[in-house]
>>> print(open('my_file.txt').read())   # compact mmCIF, C-alpha atoms
# COMPACT_ATOMS: atom_id res chain seq x y z
CA MET A 1 143.55 -128.40 -52.24
CA LYS A 2 144.99 -126.24 -49.49
CA ILE A 3 145.34 -122.49 -49.95
CA LEU A 4 147.44 -120.23 -47.72
CA LEU A 5 145.95 -116.88 -46.75
CA PHE A 6 147.66 -113.70 -45.64
CA GLY A 7 146.80 -110.16 -44.59
CA ILE A 8 143.31 -109.02 -45.46
CA ALA A 9 142.60 -112.33 -47.26
CA LYS A 10 142.88 -114.07 -43.91
CA ASP A 11 140.37 -111.64 -42.39
CA ILE A 12 137.93 -111.94 -45.31
CA ILE A 13 137.86 -115.73 -45.19
CA GLY A 14 138.34 -115.92 -41.43
CA THR A 15 141.13 -118.49 -41.31
CA SER A 16 144.83 -118.71 -42.19
CA SER A 17 144.40 -121.54 -44.67
CA LEU A 18 141.49 -122.66 -46.77
CA LEU A 19 140.84 -126.26 -47.68
CA LEU A 20 138.78 -126.71 -50.83
CA LYS A 21 136.86 -129.90 -50.17
CA GLU A 22 136.93 -132.81 -52.58
CA ALA A 23 133.20 -132.31 -53.12
CA GLU A 24 133.85 -128.84 -54.51
CA LYS A 25 135.10 -128.67 -58.03
CA ASN A 26 138.81 -128.02 -57.69
CA PRO A 27 139.92 -125.15 -59.93
CA LYS A 28 142.22 -126.28 -62.73
CA THR A 29 143.96 -122.98 -63.29
CA VAL A 30 144.92 -119.84 -61.36
CA GLY A 31 142.23 -117.93 -63.26
CA GLU A 32 139.56 -120.41 -62.18
CA LEU A 33 140.72 -120.22 -58.59
CA LYS A 34 140.50 -116.41 -58.64
CA LYS A 35 136.92 -116.61 -59.94
CA LEU A 36 135.93 -119.24 -57.40
CA ILE A 37 137.37 -117.22 -54.51
CA SER A 38 135.81 -113.92 -55.51
CA ASN A 39 132.41 -115.53 -56.12
CA LYS A 40 132.51 -117.31 -52.78
CA TYR A 41 133.88 -114.27 -50.92
CA PRO A 42 132.62 -111.15 -52.76
CA LYS A 43 134.70 -108.88 -50.51
CA PHE A 44 137.71 -109.78 -52.65
CA LYS A 45 136.11 -107.81 -55.48
CA THR A 46 136.61 -104.64 -53.42
CA LEU A 47 140.42 -105.08 -53.40
CA SER A 48 142.51 -103.25 -55.97
CA SER A 49 144.21 -106.48 -57.03
CA ILE A 50 144.57 -110.10 -56.16
CA ALA A 51 147.43 -112.37 -57.11
CA ILE A 52 147.96 -116.08 -56.70
CA ALA A 53 151.29 -117.64 -55.85
CA VAL A 54 152.01 -121.22 -56.86
CA ASN A 55 154.96 -122.83 -55.09
CA SER A 56 155.92 -119.40 -53.76
CA CYS A 57 156.13 -117.68 -57.17
CA TYR A 58 153.64 -115.27 -58.71
CA ALA A 59 151.53 -117.21 -61.20
CA GLU A 60 149.62 -116.16 -64.32
CA ASP A 61 145.91 -116.88 -64.79
CA LYS A 62 146.65 -119.66 -67.27
CA THR A 63 148.98 -121.52 -64.86
CA LYS A 64 147.65 -125.01 -64.16
CA LEU A 65 147.13 -126.12 -60.56
CA GLN A 66 148.03 -129.50 -59.06
CA SER A 67 146.66 -130.59 -55.69
CA SER A 68 150.26 -130.99 -54.48
CA ASP A 69 151.10 -127.32 -55.23
CA GLU A 70 151.59 -124.81 -52.44
CA ILE A 71 148.99 -122.20 -53.34
CA ALA A 72 148.61 -118.80 -51.70
CA ILE A 73 146.30 -115.84 -52.15
CA ILE A 74 148.35 -112.65 -52.32
CA PRO A 75 146.24 -109.56 -51.58
CA PRO A 76 147.79 -106.15 -52.38
CA VAL A 77 151.17 -106.12 -50.65
CA SER A 78 152.17 -103.30 -48.31
CA GLY A 79 155.67 -103.99 -47.02
CA GLY A 80 158.30 -101.34 -46.45
CA MET B 81 182.87 -110.06 -60.32
CA ILE B 82 180.37 -111.70 -57.98
CA MET B 83 177.86 -109.47 -56.19
CA GLU B 84 177.25 -110.39 -52.56
CA ILE B 85 173.60 -110.56 -51.52
CA ASP B 86 172.35 -110.37 -47.92
CA ILE B 87 168.62 -111.01 -47.59
CA GLN B 88 166.77 -111.45 -44.32
CA ILE B 89 163.37 -111.37 -42.65
CA VAL B 90 164.13 -110.49 -39.04
CA ASN B 91 162.49 -109.66 -35.72
CA ASN B 92 164.56 -106.50 -35.37
CA ILE B 93 166.66 -104.59 -37.87
CA ASP B 94 170.19 -103.87 -36.75
CA THR B 95 170.88 -100.50 -38.36
CA THR B 96 174.28 -100.26 -36.66
CA SER B 97 175.68 -103.12 -38.75
CA VAL B 98 174.81 -101.65 -42.13
CA TYR B 99 178.18 -100.08 -42.92
CA GLN B 100 180.02 -103.29 -42.22
CA ARG B 101 177.44 -105.26 -44.22
CA LEU B 102 177.88 -103.08 -47.31
CA SER B 103 181.49 -101.97 -47.18
CA HIS B 104 183.68 -103.56 -49.82
CA CYS B 105 187.23 -102.99 -51.00
CA LYS B 106 186.01 -102.15 -54.51
CA SER B 107 183.21 -99.85 -53.34
CA GLY B 108 183.67 -96.11 -53.10
CA GLY B 109 180.05 -95.48 -52.23
CA ILE B 110 177.30 -96.98 -50.10
CA CYS B 111 173.66 -95.95 -50.24
CA VAL B 112 171.09 -97.10 -47.69
CA PHE B 113 167.37 -96.59 -47.26
CA ILE B 114 165.75 -97.30 -43.90
CA GLY B 115 161.98 -97.25 -43.54
CA SER B 116 160.52 -96.67 -40.07
CA VAL B 117 157.18 -96.44 -38.27
CA ARG B 118 155.59 -93.00 -38.54
CA ASP B 119 153.18 -91.79 -35.85
CA SER B 120 150.39 -90.82 -38.22
CA THR B 121 148.86 -91.62 -41.58
CA GLN B 122 146.44 -89.28 -43.36
CA ASN B 123 146.16 -87.19 -40.19
CA GLU B 124 145.23 -90.17 -38.03
CA LYS B 125 147.36 -91.11 -35.07
CA VAL B 126 149.08 -94.48 -35.56
CA GLU B 127 150.11 -96.43 -32.46
CA ALA B 128 152.06 -99.26 -34.11
CA LEU B 129 152.39 -101.43 -37.20
CA ASP B 130 152.27 -105.18 -37.49
CA PHE B 131 153.92 -106.94 -40.44
CA GLU B 132 152.88 -110.32 -41.70
CA THR B 133 155.11 -112.08 -44.20
CA TYR B 134 154.85 -115.08 -46.48
CA GLU B 135 158.44 -115.70 -45.55
CA LYS B 136 159.45 -118.35 -48.05
CA MET B 137 158.13 -116.34 -50.99
CA ALA B 138 159.28 -112.99 -49.59
CA LEU B 139 162.88 -114.22 -49.40
CA LYS B 140 162.64 -115.55 -52.96
CA GLU B 141 161.22 -112.26 -54.27
CA MET B 142 163.83 -110.22 -52.42
CA GLU B 143 166.54 -112.33 -54.03
CA ILE B 144 165.01 -111.79 -57.49
CA ILE B 145 165.02 -108.02 -56.84
CA ALA B 146 168.64 -108.05 -55.65
CA LYS B 147 169.74 -110.02 -58.71
CA GLU B 148 167.78 -107.73 -61.01
CA ALA B 149 169.55 -104.74 -59.47
CA GLY B 150 172.82 -106.54 -60.14
CA THR B 151 171.99 -106.76 -63.83
CA LYS B 152 171.06 -103.06 -64.06
CA TRP B 153 174.02 -101.62 -62.14
CA LYS B 154 177.53 -102.73 -61.28
CA LEU B 155 177.14 -103.44 -57.57
CA ASN B 156 179.46 -105.14 -55.12
CA LYS B 157 177.02 -105.76 -52.29
CA VAL B 158 173.26 -105.57 -51.87
CA ILE B 159 171.19 -105.97 -48.72
CA LEU B 160 167.45 -106.27 -48.22
CA HIS B 161 166.23 -106.73 -44.65
CA HIS B 162 162.59 -106.57 -43.58
CA VAL B 163 160.96 -107.13 -40.22
CA HIS B 164 157.98 -109.22 -39.26
CA GLY B 165 155.81 -108.71 -36.22
CA ARG B 166 154.69 -105.64 -34.29
CA LYS B 167 156.78 -102.48 -34.48
CA GLU B 168 156.37 -99.30 -32.46
CA ILE B 169 156.80 -95.66 -33.54
CA GLU B 170 160.33 -94.86 -34.80
CA GLU B 171 161.37 -98.50 -35.03
CA PRO B 172 163.03 -99.50 -38.32
CA VAL B 173 160.99 -101.88 -40.47
CA VAL B 174 162.95 -102.16 -43.68
CA MET B 175 166.58 -101.58 -44.62
CA VAL B 176 167.89 -101.85 -48.16
CA GLY B 177 171.19 -100.75 -49.59
CA ALA B 178 173.85 -101.19 -52.21
CA SER B 179 177.53 -100.48 -52.55
CA SER B 180 179.35 -99.73 -55.76
CA ALA B 181 182.54 -98.22 -57.12
CA HIS B 182 180.86 -94.82 -57.68
CA ARG B 183 177.83 -93.19 -56.13
CA ASP B 184 175.45 -93.02 -59.10
CA ALA B 185 175.00 -96.79 -59.27
CA CYS B 186 174.30 -97.25 -55.56
CA PHE B 187 171.90 -94.27 -55.36
CA GLU B 188 169.86 -95.56 -58.30
CA ALA B 189 170.00 -99.17 -57.14
CA CYS B 190 168.87 -98.24 -53.63
CA ARG B 191 165.78 -96.47 -54.98
CA PHE B 192 165.03 -99.46 -57.21
CA LEU B 193 165.39 -101.89 -54.30
CA ILE B 194 162.88 -100.16 -52.01
CA ASP B 195 160.41 -99.25 -54.78
CA THR B 196 160.37 -102.79 -56.15
CA LEU B 197 160.21 -104.37 -52.69
CA LYS B 198 157.07 -102.35 -51.98
CA ILE B 199 155.41 -103.53 -55.19
CA ARG B 200 156.34 -107.22 -55.25
CA VAL B 201 157.38 -108.70 -51.93
CA PRO B 202 154.57 -110.54 -50.10
CA ILE B 203 154.57 -108.61 -46.85
CA TRP B 204 151.47 -106.99 -45.36
CA LYS B 205 151.23 -104.10 -42.97
CA LYS B 206 148.48 -103.65 -40.41
CA GLU B 207 148.05 -100.21 -38.91
CA PHE B 208 146.97 -99.91 -35.29
CA PHE B 209 144.98 -96.76 -34.60
CA THR B 210 143.54 -95.74 -31.24
CA ASN B 211 140.29 -97.61 -31.79
CA LYS B 212 140.70 -99.73 -34.93
CA THR B 213 143.15 -101.81 -36.94
CA VAL B 214 143.41 -101.67 -40.74
CA TRP B 215 145.28 -103.80 -43.26
CA VAL B 216 147.03 -101.47 -45.67
CA THR B 217 145.99 -102.62 -49.11
CA GLU B 218 147.39 -99.84 -51.27
CA HIS B 219 151.02 -98.89 -51.79
CA PRO B 220 151.78 -96.03 -49.43
>>> encode(input="my_file.txt", output="structure tokens")
Amino acid sequence: MKILLFGIAKDIIGTSSLLLKEAEKNPKTVGELKKLISNKYPKFKTLSSIAIAVNSCYAEDKTKLQSSDEIAIIPPVSGG
Amino acid sequence: MIMEIDIQIVNNIDTTSVYQRLSHCKSGGICVFIGSVRDSTQNEKVEALDFETYEKMALKEMEIIAKEAGTKWKLNKVILHHVHGRKEIEEPVVMVGASSAHRDACFEACRFLIDTLKIRVPIWKKEFFTNKTVWVTEHP
């Protein structure tokens, strides 16, 4: 499962995309992914919010994940 | 009536084209907001900004915002342009606008466009100070 990273998420994890290895238990939902990421990289807990995009749309915690989905971590946005 | 939408992520914003982009035979008013790079934030000297975008999603979100504005107000044209990459002091970084028959609709829509863009569109700003760089992670 490949996850795109942007902004401060890229700096926290240290790469522009994260590959969750087959050996790791792939998260089944957006909520599970959020937990996995913030446990693995506790710095995410210091951010005011964290969203997940699935196929370039904001997704809810209950949204199910497929390995073919384009998944992205969306740290607090700051455009404009 | 069909509202025309012009959405772009660009290297440089062309502010000179905005009148032509928004003018419309049924519009009696055009309202535009342009955001630019300020030389300081919280009393610290800023040297430049760098914008990273998740372009595919940013374009989608900008279109959702434009269409939402079209449901709230009667608009003839809407534009949302945002830059990516490094921008120096006084350079434009975002330009949004709307045109409508009367001014109330385009004033209100313009405010909605920029406020909503700042909340939803996946674009991230890095501030370059004299001796450090910081990702902005709160809405300014």
>>> closest_residue(input="my_file.txt", among="B:Glu124, B:Glu84, B:Asp119, B:Glu135", to="Pro202 of chain B", atoms="only C-alpha atoms")
B:Glu135
>>> interface_residues(input="my_file.txt", of="chain B", to="chain A", cutoff="10 Å", atoms="all atoms listed in the file", output="VMD selection string")
chain B and resid 114 to 117 131 to 141 161 to 164 172 to 176 194 to 195 197 to 206 214 to 220
>>> atom_distance(input="my_file.txt", atom1="atom CA of Leu33 of chain A", atom2="atom CA of Ile144 of chain B")
25.7 Å
>>> atom_distance(input="my_file.txt", atom1="atom CA of Glu168 of chain B", atom2="atom CA of Thr15 of chain A")
26.1 Å
>>> atom_distance(input="my_file.txt", atom1="atom CA of Ala59 of chain A", atom2="atom CA of Arg166 of chain B")
29.5 Å
>>> residues_around(input="my_file.txt", residues="Ile37 of chain A", least_positions_apart="2", cutoff="12 Å", atoms="all atoms listed in the file", output="list in words")
Ile3, Leu5, Ala9, Ile12, Ile13, Leu18, Leu19, Leu20, Asn26, Pro27, Val30, Gly31, Glu32, Leu33, Lys34, Lys35, Asn39, Lys40, Tyr41, Pro42, Lys43, Phe44, Lys45, Ile50, Ala51, Ile52, Ala72 and Ile73 of chain A
>>> write_last_selection(input="my_file.txt", atoms="C-alpha atoms", output="short mmCIF file (atom, residue, chain, number, x, y, z; two decimals), keeping the file's coordinate frame")
data_model
loop_
_atom_site.label_atom_id
_atom_site.label_comp_id
_atom_site.auth_asym_id
_atom_site.auth_seq_id
_atom_site.Cartn_x
_atom_site.Cartn_y
_atom_site.Cartn_z
CA ILE A 3 145.34 -122.49 -49.95
CA LEU A 5 145.95 -116.88 -46.75
CA ALA A 9 142.60 -112.33 -47.26
CA ILE A 12 137.93 -111.94 -45.31
CA ILE A 13 137.86 -115.73 -45.19
CA LEU A 18 141.49 -122.66 -46.77
CA LEU A 19 140.84 -126.26 -47.68
CA LEU A 20 138.78 -126.71 -50.83
CA ASN A 26 138.81 -128.02 -57.69
CA PRO A 27 139.92 -125.15 -59.93
CA VAL A 30 144.92 -119.84 -61.36
CA GLY A 31 142.23 -117.93 -63.26
CA GLU A 32 139.56 -120.41 -62.18
CA LEU A 33 140.72 -120.22 -58.59
CA LYS A 34 140.50 -116.41 -58.64
CA LYS A 35 136.92 -116.61 -59.94
CA ASN A 39 132.41 -115.53 -56.12
CA LYS A 40 132.51 -117.31 -52.78
CA TYR A 41 133.88 -114.27 -50.92
CA PRO A 42 132.62 -111.15 -52.76
CA LYS A 43 134.70 -108.88 -50.51
CA PHE A 44 137.71 -109.78 -52.65
CA LYS A 45 136.11 -107.81 -55.48
CA ILE A 50 144.57 -110.10 -56.16
CA ALA A 51 147.43 -112.37 -57.11
CA ILE A 52 147.96 -116.08 -56.70
CA ALA A 72 148.61 -118.80 -51.70
CA ILE A 73 146.30 -115.84 -52.15
#
>>> closest_residue(input="my_file.txt", among="A:Thr29, A:Ser16, A:Ser38, A:Lys21", to="Gln66 of chain A", atoms="all atoms listed in the file")
A:Thr29
>>> residues_around(input="my_file.txt", residues="Met83 of chain B", least_positions_apart="5", cutoff="7 Å", atoms="only C-alpha atoms", output="PyMOL selection string")
chain B and resi 155-157
>>> residues_around(input="my_file.txt", residues="Lys106 of chain B", least_positions_apart="6", cutoff="9 Å", atoms="only C-alpha atoms", output="list in words")
Asn156, Ser179, Ser180 and Ala181 of chain B
>>> residues_around(input="my_file.txt", residues="Trp153 of chain B", least_positions_apart="4", cutoff="9 Å", atoms="all atoms listed in the file", output="NGL selection string")
:B and (148-149 or 180 or 185-186 or 188-189)
>>> closest_residue(input="my_file.txt", among="B:Asn123, B:Thr213, B:Thr151, B:Ser107", to="Ala178 of chain B", atoms="only C-alpha atoms")
B:Ser107
>>> closest_residue(input="my_file.txt", among="B:Ile87, B:Val126, B:Ala146, B:Ile159", to="Gln100 of chain B", atoms="all atoms listed in the file")
B:Ile159
>>> decode(input="my_file.txt", residues="segment 42-75 of chain A", atoms="N, CA, C and O atoms", output="mmCIF file, in the first residue's frame")
data_model
loop_
_atom_site.group_PDB
_atom_site.id
_atom_site.type_symbol
_atom_site.label_atom_id
_atom_site.label_comp_id
_atom_site.auth_asym_id
_atom_site.auth_seq_id
_atom_site.Cartn_x
_atom_site.Cartn_y
_atom_site.Cartn_z
ATOM 1 N N PRO A 42 5.043 9.468 16.120
ATOM 2 C CA PRO A 42 4.296 10.222 17.147
ATOM 3 C C PRO A 42 4.241 11.738 16.891
ATOM 4 O O PRO A 42 3.356 12.410 17.427
ATOM 5 N N LYS A 43 5.141 12.244 16.061
ATOM 6 C CA LYS A 43 5.107 13.688 15.778
ATOM 7 C C LYS A 43 3.772 14.126 15.164
ATOM 8 O O LYS A 43 3.385 15.286 15.276
ATOM 9 N N PHE A 44 3.081 13.199 14.501
ATOM 10 C CA PHE A 44 1.782 13.552 13.923
ATOM 11 C C PHE A 44 0.782 13.968 14.996
ATOM 12 O O PHE A 44 -0.146 14.717 14.730
ATOM 13 N N LYS A 45 0.994 13.449 16.218
ATOM 14 C CA LYS A 45 0.057 13.789 17.303
ATOM 15 C C LYS A 45 0.169 15.258 17.688
ATOM 16 O O LYS A 45 -0.720 15.807 18.325
ATOM 17 N N THR A 46 1.273 15.907 17.309
ATOM 18 C CA THR A 46 1.452 17.323 17.659
ATOM 19 C C THR A 46 0.735 18.249 16.659
ATOM 20 O O THR A 46 0.596 19.435 16.908
ATOM 21 N N LEU A 47 0.283 17.694 15.534
ATOM 22 C CA LEU A 47 -0.414 18.531 14.537
ATOM 23 C C LEU A 47 -1.861 18.770 14.957
ATOM 24 O O LEU A 47 -2.464 17.926 15.619
ATOM 25 N N SER A 48 -2.399 19.913 14.528
ATOM 26 C CA SER A 48 -3.766 20.256 14.932
ATOM 27 C C SER A 48 -4.800 19.333 14.281
ATOM 28 O O SER A 48 -5.884 19.129 14.810
ATOM 29 N N SER A 49 -4.470 18.789 13.121
ATOM 30 C CA SER A 49 -5.400 17.868 12.465
ATOM 31 C C SER A 49 -4.625 17.027 11.463
ATOM 32 O O SER A 49 -3.509 17.373 11.085
ATOM 33 N N ILE A 50 -5.248 15.945 11.079
ATOM 34 C CA ILE A 50 -4.671 15.137 10.017
ATOM 35 C C ILE A 50 -5.825 14.513 9.236
ATOM 36 O O ILE A 50 -6.758 13.984 9.820
ATOM 37 N N ALA A 51 -5.779 14.670 7.924
ATOM 38 C CA ALA A 51 -6.835 14.092 7.100
ATOM 39 C C ALA A 51 -6.207 13.086 6.153
ATOM 40 O O ALA A 51 -4.997 13.118 5.898
ATOM 41 N N ILE A 52 -7.037 12.191 5.657
ATOM 42 C CA ILE A 52 -6.583 11.220 4.667
ATOM 43 C C ILE A 52 -7.430 11.417 3.414
ATOM 44 O O ILE A 52 -8.647 11.568 3.491
ATOM 45 N N ALA A 53 -6.740 11.439 2.275
ATOM 46 C CA ALA A 53 -7.458 11.499 1.008
ATOM 47 C C ALA A 53 -7.375 10.134 0.348
ATOM 48 O O ALA A 53 -6.318 9.504 0.347
ATOM 49 N N VAL A 54 -8.498 9.666 -0.156
ATOM 50 C CA VAL A 54 -8.538 8.417 -0.906
ATOM 51 C C VAL A 54 -9.000 8.758 -2.319
ATOM 52 O O VAL A 54 -10.058 9.364 -2.502
ATOM 53 N N ASN A 55 -8.161 8.410 -3.283
ATOM 54 C CA ASN A 55 -8.421 8.745 -4.690
ATOM 55 C C ASN A 55 -8.717 10.239 -4.851
ATOM 56 O O ASN A 55 -9.687 10.638 -5.483
ATOM 57 N N SER A 56 -7.897 11.028 -4.224
ATOM 58 C CA SER A 56 -7.891 12.491 -4.252
ATOM 59 C C SER A 56 -9.193 13.149 -3.767
ATOM 60 O O SER A 56 -9.544 14.231 -4.225
ATOM 61 N N CYS A 57 -9.872 12.486 -2.828
ATOM 62 C CA CYS A 57 -11.015 13.097 -2.135
ATOM 63 C C CYS A 57 -10.835 12.889 -0.634
ATOM 64 O O CYS A 57 -10.361 11.835 -0.208
ATOM 65 N N TYR A 58 -11.243 13.885 0.146
ATOM 66 C CA TYR A 58 -11.202 13.718 1.600
ATOM 67 C C TYR A 58 -12.047 12.502 1.980
ATOM 68 O O TYR A 58 -13.156 12.328 1.471
ATOM 69 N N ALA A 59 -11.508 11.670 2.884
ATOM 70 C CA ALA A 59 -12.217 10.453 3.268
ATOM 71 C C ALA A 59 -12.521 10.460 4.756
ATOM 72 O O ALA A 59 -11.767 11.012 5.559
ATOM 73 N N GLU A 60 -13.623 9.813 5.118
ATOM 74 C CA GLU A 60 -13.999 9.690 6.534
ATOM 75 C C GLU A 60 -13.290 8.488 7.147
ATOM 76 O O GLU A 60 -12.865 7.583 6.434
ATOM 77 N N ASP A 61 -13.232 8.472 8.477
ATOM 78 C CA ASP A 61 -12.526 7.393 9.191
ATOM 79 C C ASP A 61 -13.049 6.006 8.820
ATOM 80 O O ASP A 61 -12.313 5.040 8.788
ATOM 81 N N LYS A 62 -14.334 5.919 8.543
ATOM 82 C CA LYS A 62 -14.922 4.599 8.267
ATOM 83 C C LYS A 62 -14.689 4.132 6.814
ATOM 84 O O LYS A 62 -14.973 2.978 6.487
ATOM 85 N N THR A 63 -14.160 5.014 5.965
ATOM 86 C CA THR A 63 -13.926 4.634 4.565
ATOM 87 C C THR A 63 -12.967 3.442 4.477
ATOM 88 O O THR A 63 -11.913 3.439 5.114
ATOM 89 N N LYS A 64 -13.347 2.459 3.687
ATOM 90 C CA LYS A 64 -12.506 1.260 3.534
ATOM 91 C C LYS A 64 -11.392 1.515 2.518
ATOM 92 O O LYS A 64 -11.591 2.236 1.540
ATOM 93 N N LEU A 65 -10.244 0.910 2.763
ATOM 94 C CA LEU A 65 -9.092 1.103 1.878
ATOM 95 C C LEU A 65 -8.826 -0.146 1.048
ATOM 96 O O LEU A 65 -8.891 -1.267 1.554
ATOM 97 N N GLN A 66 -8.522 0.066 -0.228
ATOM 98 C CA GLN A 66 -8.096 -1.018 -1.119
ATOM 99 C C GLN A 66 -6.636 -0.739 -1.469
ATOM 100 O O GLN A 66 -6.238 0.426 -1.543
ATOM 101 N N SER A 67 -5.885 -1.804 -1.740
ATOM 102 C CA SER A 67 -4.461 -1.572 -2.027
ATOM 103 C C SER A 67 -4.275 -0.804 -3.339
ATOM 104 O O SER A 67 -3.245 -0.191 -3.573
ATOM 105 N N SER A 68 -5.303 -0.810 -4.193
ATOM 106 C CA SER A 68 -5.198 -0.081 -5.461
ATOM 107 C C SER A 68 -5.548 1.409 -5.320
ATOM 108 O O SER A 68 -5.382 2.178 -6.259
ATOM 109 N N ASP A 69 -6.043 1.819 -4.150
ATOM 110 C CA ASP A 69 -6.424 3.225 -3.953
ATOM 111 C C ASP A 69 -5.199 4.136 -3.949
ATOM 112 O O ASP A 69 -4.117 3.730 -3.525
ATOM 113 N N GLU A 70 -5.397 5.371 -4.405
ATOM 114 C CA GLU A 70 -4.356 6.386 -4.221
ATOM 115 C C GLU A 70 -4.640 7.053 -2.870
ATOM 116 O O GLU A 70 -5.661 7.711 -2.695
ATOM 117 N N ILE A 71 -3.723 6.827 -1.939
ATOM 118 C CA ILE A 71 -3.942 7.305 -0.570
ATOM 119 C C ILE A 71 -2.940 8.415 -0.271
ATOM 120 O O ILE A 71 -1.775 8.320 -0.650
ATOM 121 N N ALA A 72 -3.390 9.467 0.397
ATOM 122 C CA ALA A 72 -2.479 10.559 0.740
ATOM 123 C C ALA A 72 -2.762 11.045 2.152
ATOM 124 O O ALA A 72 -3.921 11.096 2.578
ATOM 125 N N ILE A 73 -1.686 11.392 2.850
ATOM 126 C CA ILE A 73 -1.837 12.026 4.160
ATOM 127 C C ILE A 73 -1.897 13.522 3.920
ATOM 128 O O ILE A 73 -1.047 14.095 3.246
ATOM 129 N N ILE A 74 -2.946 14.145 4.469
ATOM 130 C CA ILE A 74 -3.140 15.589 4.277
ATOM 131 C C ILE A 74 -2.953 16.284 5.635
ATOM 132 O O ILE A 74 -3.887 16.360 6.437
ATOM 133 N N PRO A 75 -1.758 16.809 5.887
ATOM 134 C CA PRO A 75 -1.573 17.588 7.118
ATOM 135 C C PRO A 75 -2.340 18.916 6.987
ATOM 136 O O PRO A 75 -2.846 19.221 5.901
#
